[in-house]
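Here is query-v6.cif, consisting of mmCIF, C-alpha atoms:
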data_start
#
loop_
_atom_site.label_atom_id
_atom_site.label_comp_id
_atom_site.auth_asym_id
_atom_site.auth_seq_id
_atom_site.Cartn_x
_atom_site.Cartn_y
_atom_site.Cartn_z
CA MET L 229 98.09 155.79 133.10
CA ALA L 230 95.37 154.07 131.12
CA ARG L 231 91.80 155.28 131.31
CA THR L 232 89.43 153.34 133.60
CA ALA L 233 87.39 152.50 130.48
CA ASP L 234 90.36 150.45 129.25
CA TYR L 235 89.55 147.88 131.94
CA LYS L 236 86.36 145.80 132.00
CA SER L 237 86.63 144.76 135.68
CA ALA L 238 88.89 144.77 138.75
CA PHE L 239 90.32 141.44 137.58
CA ASP L 240 91.82 143.24 134.55
CA VAL L 241 93.72 145.58 136.88
CA ILE L 242 94.93 142.74 139.14
CA GLY L 243 96.04 140.71 136.15
CA PRO L 244 95.74 137.07 135.08
CA ILE L 245 97.32 133.91 136.45
CA MET L 246 100.77 134.01 134.89
CA ILE L 247 104.37 132.88 134.78
CA GLY L 248 106.69 135.80 135.54
CA PRO L 249 107.25 138.73 137.90
CA SER L 250 105.24 141.52 136.25
CA SER L 251 101.82 141.73 134.65
CA SER L 252 103.03 144.59 132.44
CA HIS L 253 106.29 143.01 131.33
CA THR L 254 105.20 139.38 131.16
CA ALA L 255 101.42 138.82 131.02
CA GLY L 256 100.89 141.85 128.79
CA ALA L 257 103.84 140.80 126.67
CA VAL L 258 102.38 137.30 126.17
CA ARG L 259 99.22 138.96 124.84
CA MET L 260 101.27 141.11 122.48
CA GLY L 261 102.86 138.00 121.01
CA SER L 262 99.49 136.25 120.88
CA ALA L 263 97.93 139.19 119.03
CA ALA L 264 100.68 139.07 116.40
CA ARG L 265 100.30 135.29 116.04
CA LYS L 266 96.56 135.67 115.44
CA VAL L 267 97.11 138.30 112.75
CA LEU L 268 99.64 136.05 111.00
CA GLY L 269 97.33 133.06 111.42
CA ASP L 270 100.17 130.56 111.62
CA GLU L 271 103.45 129.76 113.33
CA PRO L 272 106.10 132.13 111.95
CA GLU L 273 109.44 131.41 110.33
CA ASN L 274 110.95 134.68 111.57
CA ILE L 275 110.29 136.82 114.64
CA SER L 276 111.71 140.32 115.08
CA ILE L 277 110.81 142.37 118.16
CA SER L 278 111.64 146.04 118.68
CA TYR L 279 111.45 147.39 122.24
CA PHE L 280 111.02 151.01 123.29
CA GLU L 281 111.74 152.95 126.50
CA SER L 282 111.04 150.82 129.63
CA PHE L 283 110.74 147.62 127.61
CA ALA L 284 114.07 148.34 125.91
CA GLU L 285 115.76 148.81 129.29
CA THR L 286 114.29 145.86 131.19
CA HIS L 287 113.07 143.24 128.68
CA ALA L 288 115.76 140.64 129.44
CA GLY L 289 115.56 140.86 133.23
CA HIS L 290 111.76 140.92 133.41
CA GLY L 291 111.22 137.99 131.08
CA THR L 292 109.59 140.05 128.34
CA ASP L 293 111.54 138.19 125.64
CA LEU L 294 110.27 134.85 126.90
CA ALA L 295 106.74 136.21 127.26
CA ILE L 296 106.35 137.64 123.75
CA ILE L 297 107.82 134.53 122.15
CA ALA L 298 105.46 132.41 124.27
CA GLY L 299 102.52 134.40 122.94
CA VAL L 300 103.72 133.97 119.38
CA LEU L 301 103.90 130.21 120.03
CA ASP L 302 100.28 130.36 121.25
CA PHE L 303 101.10 129.59 124.92
CA PRO L 304 98.72 131.11 127.54
CA THR L 305 100.05 133.36 130.31
CA GLU L 306 100.03 130.55 132.91
CA ASP L 307 101.74 127.94 130.72
CA PRO L 308 105.01 126.65 132.30
CA ARG L 309 106.51 126.55 128.79
CA VAL L 310 106.71 130.36 128.94
CA LYS L 311 110.01 129.90 130.80
CA THR L 312 111.57 128.00 127.89
CA SER L 313 109.73 129.59 124.97
CA ILE L 314 112.85 130.90 123.22
CA GLU L 315 114.50 127.50 123.41
CA ILE L 316 111.33 125.88 122.06
CA ALA L 317 111.07 128.38 119.20
CA LYS L 318 114.68 127.86 118.19
CA SER L 319 114.21 124.08 118.27
CA LYS L 320 111.48 124.60 115.67
CA GLY L 321 113.92 126.49 113.44
CA ILE L 322 112.33 129.89 114.06
CA ASN L 323 114.71 132.83 113.66
CA ILE L 324 114.48 135.36 116.52
CA GLU L 325 115.77 138.93 116.78
CA PHE L 326 115.45 141.41 119.67
CA ILE L 327 116.12 145.11 119.03
CA GLU L 328 116.50 147.82 121.68
CA GLU L 329 115.33 150.98 119.95
CA THR L 330 116.72 154.35 120.99
CA GLY L 331 114.90 156.57 118.50
CA THR L 332 111.26 157.58 118.21
CA ASN L 333 108.88 155.40 120.19
CA VAL L 334 106.27 154.42 117.60
CA GLY L 335 104.07 153.03 120.39
CA GLU L 336 104.03 156.34 122.32
CA HIS L 337 104.06 154.49 125.69
CA PRO L 338 106.95 153.40 127.95
CA ASN L 339 105.99 149.72 127.64
CA SER L 340 105.84 149.43 123.85
CA ALA L 341 106.89 146.69 121.47
CA LEU L 342 106.69 146.23 117.72
CA VAL L 343 106.36 142.54 116.80
CA ARG L 344 107.16 141.52 113.22
CA LEU L 345 106.39 138.01 111.96
CA ASP L 346 107.03 136.31 108.62
CA LYS L 347 105.61 133.14 107.14
CA GLY L 348 106.18 132.47 103.45
CA ASP L 349 105.11 135.59 101.55
CA LYS L 350 103.06 136.99 104.45
CA HIS L 351 104.57 139.73 106.62
CA ILE L 352 102.71 141.22 109.57
CA GLU L 353 103.54 143.82 112.19
CA VAL L 354 101.71 144.54 115.43
CA CYS L 355 102.64 147.49 117.63
CA ALA L 356 101.14 147.43 121.12
CA ASN L 357 101.42 148.89 124.62
CA SER L 358 101.29 146.94 127.87
CA ILE L 359 99.27 149.23 130.13
CA GLY L 360 99.10 147.13 133.31
CA GLY L 361 97.28 144.12 134.69
CA GLY L 362 98.09 142.11 131.58
CA THR L 363 95.95 144.47 129.46
CA ILE L 364 97.31 145.68 126.13
CA LYS L 365 96.43 148.42 123.69
CA VAL L 366 97.05 147.79 120.01
CA ARG L 367 98.44 150.84 118.22
CA SER L 368 98.86 149.52 114.68
CA ILE L 369 98.45 146.39 112.59
CA HIS L 370 100.26 145.88 109.25
CA VAL L 371 99.57 143.03 106.87
CA ASN L 372 101.70 142.94 103.71
CA GLY L 373 101.93 146.72 103.63
CA ALA L 374 98.30 147.56 104.44
CA CYS L 375 98.11 149.34 107.80
CA ALA L 376 95.39 150.13 110.34
CA LEU L 377 96.27 152.69 113.02
CA MET L 378 94.38 152.60 116.31
CA ASN L 379 94.59 152.98 120.08
CA HIS L 380 92.35 150.20 121.34
CA THR L 381 92.25 147.47 123.95
CA LEU L 382 90.99 144.00 123.05
CA PRO L 383 88.85 142.38 121.71
CA LEU L 384 89.55 143.19 118.08
CA LEU L 385 88.38 141.45 114.93
CA VAL L 386 90.70 142.10 111.98
CA LEU L 387 89.64 141.58 108.36
CA TYR L 388 92.20 141.48 105.55
CA GLY L 389 92.15 140.72 101.84
CA GLU L 390 92.58 141.94 98.29
CA GLY L 391 88.91 141.99 97.30
CA PRO L 392 86.75 145.10 96.72
CA LEU L 393 85.91 147.36 99.65
CA GLY L 394 82.23 146.61 99.07
CA GLU L 395 82.82 143.00 100.11
CA PHE L 396 84.26 144.17 103.42
CA ASN L 397 81.32 146.54 103.95
CA ARG L 398 78.88 143.69 103.29
CA CYS L 399 80.76 141.55 105.80
CA ILE L 400 80.62 144.27 108.46
CA ASN L 401 76.91 144.82 107.84
CA THR L 402 76.29 141.08 108.16
CA LEU L 403 78.18 141.02 111.47
CA ALA L 404 76.17 143.97 112.80
CA GLU L 405 72.88 142.44 111.65
CA SER L 406 73.87 139.25 113.46
CA GLY L 407 73.98 141.15 116.74
CA LEU L 408 77.72 141.84 117.04
CA ASN L 409 78.28 145.06 118.99
CA ILE L 410 80.97 147.01 117.08
CA ASN L 411 82.37 150.04 118.91
CA GLU L 412 84.46 151.37 116.04
CA GLU L 413 85.65 150.50 112.53
CA ILE L 414 89.17 151.35 111.33
CA LYS L 415 89.62 150.87 107.56
CA SER L 416 92.64 151.27 105.32
CA GLN L 417 93.51 150.39 101.72
CA LYS L 418 96.87 150.23 99.96
CA ASP L 419 97.82 148.79 96.56
CA GLY L 420 94.58 146.85 96.31
CA LYS L 421 94.88 145.43 99.82
CA THR L 422 92.26 146.21 102.46
CA ILE L 423 92.56 145.91 106.23
CA VAL L 424 89.72 146.58 108.65
CA ALA L 425 90.00 146.49 112.44
CA LEU L 426 86.74 146.20 114.36
CA HIS L 427 86.88 147.15 118.03
CA LEU L 428 84.27 144.98 119.73
CA HIS L 429 82.29 145.46 122.93
CA LYS L 430 82.58 141.71 123.63
CA PRO L 431 84.46 138.89 121.88
CA ILE L 432 82.69 137.45 118.87
CA LYS L 433 81.09 134.06 119.47
CA VAL L 434 82.86 131.16 117.78
CA GLU L 435 79.69 130.04 116.01
CA LEU L 436 79.11 133.48 114.48
CA LEU L 437 82.72 133.82 113.38
CA GLU L 438 82.69 130.43 111.67
CA SER L 439 79.42 131.29 109.93
CA ILE L 440 80.83 134.61 108.66
CA LYS L 441 84.02 132.91 107.46
CA SER L 442 81.95 130.49 105.37
CA LYS L 443 80.07 133.37 103.71
CA PHE L 444 83.09 135.61 103.00
CA LYS L 445 85.83 133.22 101.94
CA SER L 446 87.92 135.90 100.21
CA ILE L 447 88.51 137.66 103.55
CA GLU L 448 91.03 136.58 106.21
CA PHE L 449 89.81 136.96 109.80
CA SER L 450 91.93 137.44 112.92
CA ASN L 451 90.08 137.21 116.23
CA ILE L 452 92.24 138.93 118.86
CA ILE L 453 90.95 138.45 122.40
#
Structure translated into structure tokens:
Amino acid sequence: MARTADYKSAFDVIGPIMIGPSSSHTAGAVRMGSAARKVLGDEPENISISYFESFAETHAGHGTDLAIIAGVLDFPTEDPRVKTSIEIAKSKGINIEFIEETGTNVGEHPNSALVRLDKGDKHIEVCANSIGGGTIKVRSIHVNGACALMNHTLPLLVLYGEGPLGEFNRCINTLAESGLNINEEIKSQKDGKTIVALHLHKPIKVELLESIKSKFKSIEFSNII
């Protein structure tokens, strides 16, 4: 059971307007796919999804496959195209793979999925839990080998690049000075690549995000809401 603090209001527990029978297995799954799409920043060429525990047992019957693919295609939870998302993805030439894992659950929750996306030379992985009411917790984000481990609900702002750590610190300071309420910073570096996940109190305003992007052009930003 998720902590009460994981939900901002009663509407988060009830869940959003959606296509599908279950907020956990469909609405939450759409948001998992959407989170991965935002980290990639583009429509993928390849999609590989690993399911664990309850998701592994029920994904086909509960529409989880359709839901995650819909999220990757940037469809909202209430979009009627959710029902035909796999067909739409295949018509675009996107390769899709579903894996029912029987080993260690890397998400450490019955409703866990690991979404892997590829586009050109960019490979990303997002592991998340669907904790009810369409709410998800992100457990890890990988971008080309750099990895940030966490256990956070949305919103998240993810920064990625190959520049010096000081540039990322300056960016974070600029965001804070601009009034952005940052609950926690998760930073990781590997082979010259840096990834930073900022857990936010509220989603960043579009105007602020665009302004920050113009000032720090060497950093990729993923706004996950």
Please enumerate the residues selected by the PyMOL selection byres ((chain L and resi 331) around 12) when evaluated against the supplied file, formatted as a PyMOL selection string. chain L and resi 278-281+284+327-330+332-336
Looking at all atoms listed in the file, which of L:Asn274, L:Thr292, L:Asn451, L:Thr381 is the one that sits closest to His351 in chain L?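 The closest residue to His351 in chain L is L:Asn274.
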With all atoms listed in the file counted, which protein, DNA or RNA residues have an atom no more than 12 Å from (112.0, 143.5, 118.7) in the file frame? Please answer as a PyMOL selection string. chain L and resi 257+260-261+274-280+283-284+287-288+292-293+296-297+324-329+340-345+353-356
Expanded to explicit residues, what is the PyMOL selection byres ((chain L and resi 262) around 9) for this file, as a compact mmCIF listing (two decimals) with C-alpha atoms, in the coordinates of the input?
# COMPACT_ATOMS: atom_id res chain seq x y z
CA ALA L 257 103.84 140.80 126.67
CA VAL L 258 102.38 137.30 126.17
CA ARG L 259 99.22 138.96 124.84
CA MET L 260 101.27 141.11 122.48
CA GLY L 261 102.86 138.00 121.01
CA ALA L 263 97.93 139.19 119.03
CA ALA L 264 100.68 139.07 116.40
CA ARG L 265 100.30 135.29 116.04
CA LYS L 266 96.56 135.67 115.44
CA VAL L 267 97.11 138.30 112.75
CA ILE L 296 106.35 137.64 123.75
CA ILE L 297 107.82 134.53 122.15
CA ALA L 298 105.46 132.41 124.27
CA GLY L 299 102.52 134.40 122.94
CA VAL L 300 103.72 133.97 119.38
CA LEU L 301 103.90 130.21 120.03
CA ASP L 302 100.28 130.36 121.25
CA PHE L 303 101.10 129.59 124.92
CA PRO L 304 98.72 131.11 127.54
CA ILE L 452 92.24 138.93 118.86
CA ILE L 453 90.95 138.45 122.40
When you count all atoms listed in the file, which of these residues is closest to Glu413 in chain L: L:Pro431, L:Ala376, L:Gly391, L:Ile352?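 Smallest distance to Glu413 in chain L is found for L:Ala376.
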Mind pulling up the distance from CA of Thr286 in chain L to CA of Asn357 in chain L? 14.8 Å
Could you check the closest approach to Arg398 in chain L for each of L:Ile440, L:Ile359, L:Ile369, L:Ile364 and tell me which residue wins, using all atoms listed in the file? L:Ile440
Could you tell me which residues the PyMOL selection byres ((chain L and resi 307-309) around 10) grabs in this file, written as a list in words?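 After applying the PyMOL selection byres ((chain L and resi 307-309) around 10), what remains is Ile245, Met246, Ile247, Gly248, Leu294, Ala295, Ala298, Leu301, Asp302, Phe303, Pro304, Thr305, Glu306, Val310, Lys311, Thr312, Ser313, Ile314, Glu315 and Ile316 of chain L.
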May I ask which of the residues L:Val366, L:Val434, L:Leu384, L:Leu268 is the closest one to Ile410 in chain L, counting all atoms listed in the file?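 Of L:Val366, L:Val434, L:Leu384, L:Leu268, the one nearest Ile410 in chain L is L:Leu384, counting all atoms listed in the file.
Each of L:Gly361, L:Pro272, L:Gly256, L:Gly289 was checked against Lys347 in chain L using all atoms listed in the file; the smallest atom-to-atom distance is that of L:Pro272.
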Rank nothing, just name the residue among L:Leu403, L:Leu393, L:Val371, L:Met378 nearest to Glu435 in chain L, using all atoms listed in the file. L:Leu403
Point-to-point distance in Å for CA of Ala317 in chain L and CA of Ser358 in chain L: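 Those two atoms sit 22.7 Å apart.
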Report, in Å to a single decimal, how far apart CA of Glu271 in chain L and CA of Val424 in chain L are.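 CA of Glu271 in chain L lies 22.2 Å from CA of Val424 in chain L.
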